[in-house]
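**Q** Before anything else, here's the structure in question.
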Amino acid sequence: MTLGDVETRVLNFLGSDTVERPTETQAERYAMINEAYVGYIAMNTSAWITSQTATPAAGSASFVMGNSLDGQWIECETLEVWDNVTLDPDTGLAVYRPLKHRNEGEILFLTRSQGAVGPPRLYSLALRNRSLSATRSQFTVRVYPTPDLATSYTYRARIRAWPTTQLTVAGDILQQMDDEQAEMLAVQVAARIASVEGYQSEHIQAMIERLPDHIRAEFDINDILNWPFSEPRRIGEFPRTPTEAA
Amino acid sequence: MAGYDLAAMRTHARFLMRDPSGDAISNNDLRDYYINPAYQEWWRKYEERPAGSGLAGAVGPGERSVAVTLTAGKFNDVVYRVTMVDPIGGVIEFSTRRSEFNRVRHLQETEGRMGLPREWGFNNLATGGTPAQEIAFYPLADQIYTFNVYCKPALTLLSADGNNTVLDPVSACYVTRIAAYKAGLDLKLKPELLRAIVQPLPRWVKSHFNMAWLFEAKASERADAYGYVRVTEAANA
């Protein structure tokens, strides 16, 4: 789905009659969509991407991963290693083997106490820096056993990353998000816009009812709609819709 | 620069405040009194990360402490992390434990072990706005070691429309909402609108920025909230 598609849906929820309703500019709608988009990706989208690979010099037990193409990492699922030789007999592609994660201290301790040399099995990942001028993060990766001097390895990380660019024109595709999630996003944006513009509570409630519970809980329906006259909620109680209350 | 720059933040904030054409507050005022302070406060509260460029230093055998001068304007006066460069591995840096200056000095003068420094403590010598640190290591170095100092970087405030924050995109949007909320309070906007502005913020942000008392008290999830145990208390008790 594209930015334009989401905007169309938002307008449908808000009502397209621009004479009767308070209006907002397209730039404002885009700002609200972008805000919800990055928030949704951070919280609800579990798409993993493959970062740029790193091929340090042969024998290197530590190297830096992450560059400007990756952007800022939210989370790293796993680090995989390829010995630059083994290929899948069927596909002819490189065979990457996942490494196990350990604390940085454990890796250092193992290196200095046992000091094994061979194909790496364990890794640690520490934030090295986040560039303040370019939007990216870098990590110091350590591996154990220390790779033997004769062999070089290629490493790749499976990460979740922030979208590197905002959606700016109608044709921009929502990355890492399927159509159903984009529909949810449109509802969420429409509800937020409506609450700022002072829509009637029934109208907002009708929009929010389309959302799944965990997102609906974020809206705190009783509070936002009847404030300040709402009843307090009890622990674990979801907001009541008119249907449930009936 | 494109993306969520100052101009985009302002558009966003103006939409939230229902002041699209700047009738209530000028662009510069919005930036100087609300967006930048919110940005700075967010930075101070939540952004703990090493700066991009480390500052290199060296500690010699038996040396009690080393003075390090940081570049004013580039770093705050807080040392974030000190790494030692492994004399064997060459380029490998490894982390050292953070400790307290006087404790490190005490260990140096009592136990006085020598070897590879494993912990550090800093004494703040900042005078006249120039950050400077005196860093002591323990165990005392038994040879010359090179170390790198990572500091908390100082923030550059937003000034031109094209300036971007250095936050992740979600935090940048939170900053805008906080700024719009503070501006809304000063402009005496309706509480319902203020509520709509802060509503998407997570609960921890609302409580850290003193919004919770206004919007969350009645919906508190504490077990003693109204609805579980009725707390009766005379108003003037």
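As shown in the structure tokens, the chain order sets the letters A, B, ...; within each chain, residues go from 1, and ligands are also counted from 1 in the order they appear.
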Just want the 6 Å neighbourhood of A:His101, counted on only C-alpha atoms, with same-chain residues fewer than 4 positions away dropped. Output as a PyMOL selection string.

**A** chain A and resi 122-124

**Q** Would you save the residues from that selection as a PDB file, in the first residue's frame, using N, CA, C and O atoms?

**A**
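As written to disk, part19.pdb reads:
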```
ATOM      1  N   LEU A 122      30.403 -18.065  18.730  1.00  0.00           N
ATOM      2  CA  LEU A 122      29.731 -17.139  19.637  1.00  0.00           C
ATOM      3  C   LEU A 122      30.015 -15.703  19.203  1.00  0.00           C
ATOM      4  O   LEU A 122      31.051 -15.438  18.593  1.00  0.00           O
ATOM      5  N   TYR A 123      29.111 -14.804  19.563  1.00  0.00           N
ATOM      6  CA  TYR A 123      29.384 -13.398  19.275  1.00  0.00           C
ATOM      7  C   TYR A 123      28.809 -12.525  20.371  1.00  0.00           C
ATOM      8  O   TYR A 123      27.908 -12.922  21.114  1.00  0.00           O
ATOM      9  N   SER A 124      29.364 -11.307  20.471  1.00  0.00           N
ATOM     10  CA  SER A 124      28.745 -10.290  21.318  1.00  0.00           C
ATOM     11  C   SER A 124      28.617  -9.020  20.491  1.00  0.00           C
ATOM     12  O   SER A 124      29.337  -8.824  19.516  1.00  0.00           O
TER      13      SER A 124
END
```

**Q** So that I can check the surroundings of A:Met207, please list as a list in words every protein, DNA and RNA residue that reaches within 9 Å of it, counting only C-alpha atoms and ignoring chain neighbours fewer than 4 positions away.

**A**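 Here the answer would be Phe13, Val187, Gln188, Ala190, Ala191, Glu202, His203 and Leu211 of chain A.
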
**Q** How many Å lie between atom CA of B:Lys188 and atom CA of A:Gly198, rounded to one decimal?

**A**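 About the pair atom CA of B:Lys188 and atom CA of A:Gly198: they are 16.2 Å apart.
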
**Q** Find the spatial neighbours of B:Ala13, counting only C-alpha atoms, within a cut-off of 7 Å - ignore same-chain residues fewer than 4 positions away - and output them as a PyMOL selection string.

**A** chain B and resi 9+17+176-177+180

**Q** Would you pick out the contacts of B:Phe209 at 12 Å or less, using only C-alpha atoms, so that residues sharing its chain but fewer than 2 positions from it are not included, and give the list as an MDAnalysis selection string?

**A** chainID B and resid 38 41:42 45:46 174:175 177:179 181:182 198 201:207 211:215

**Q** Point out the residue among A:Met43, A:Ile173, A:Ala116, A:Ala36 with the least atom-to-atom distance to A:Pro147, counting only C-alpha atoms.

**A**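 With only C-alpha atoms as the atom set, the closest residue is A:Ala116.
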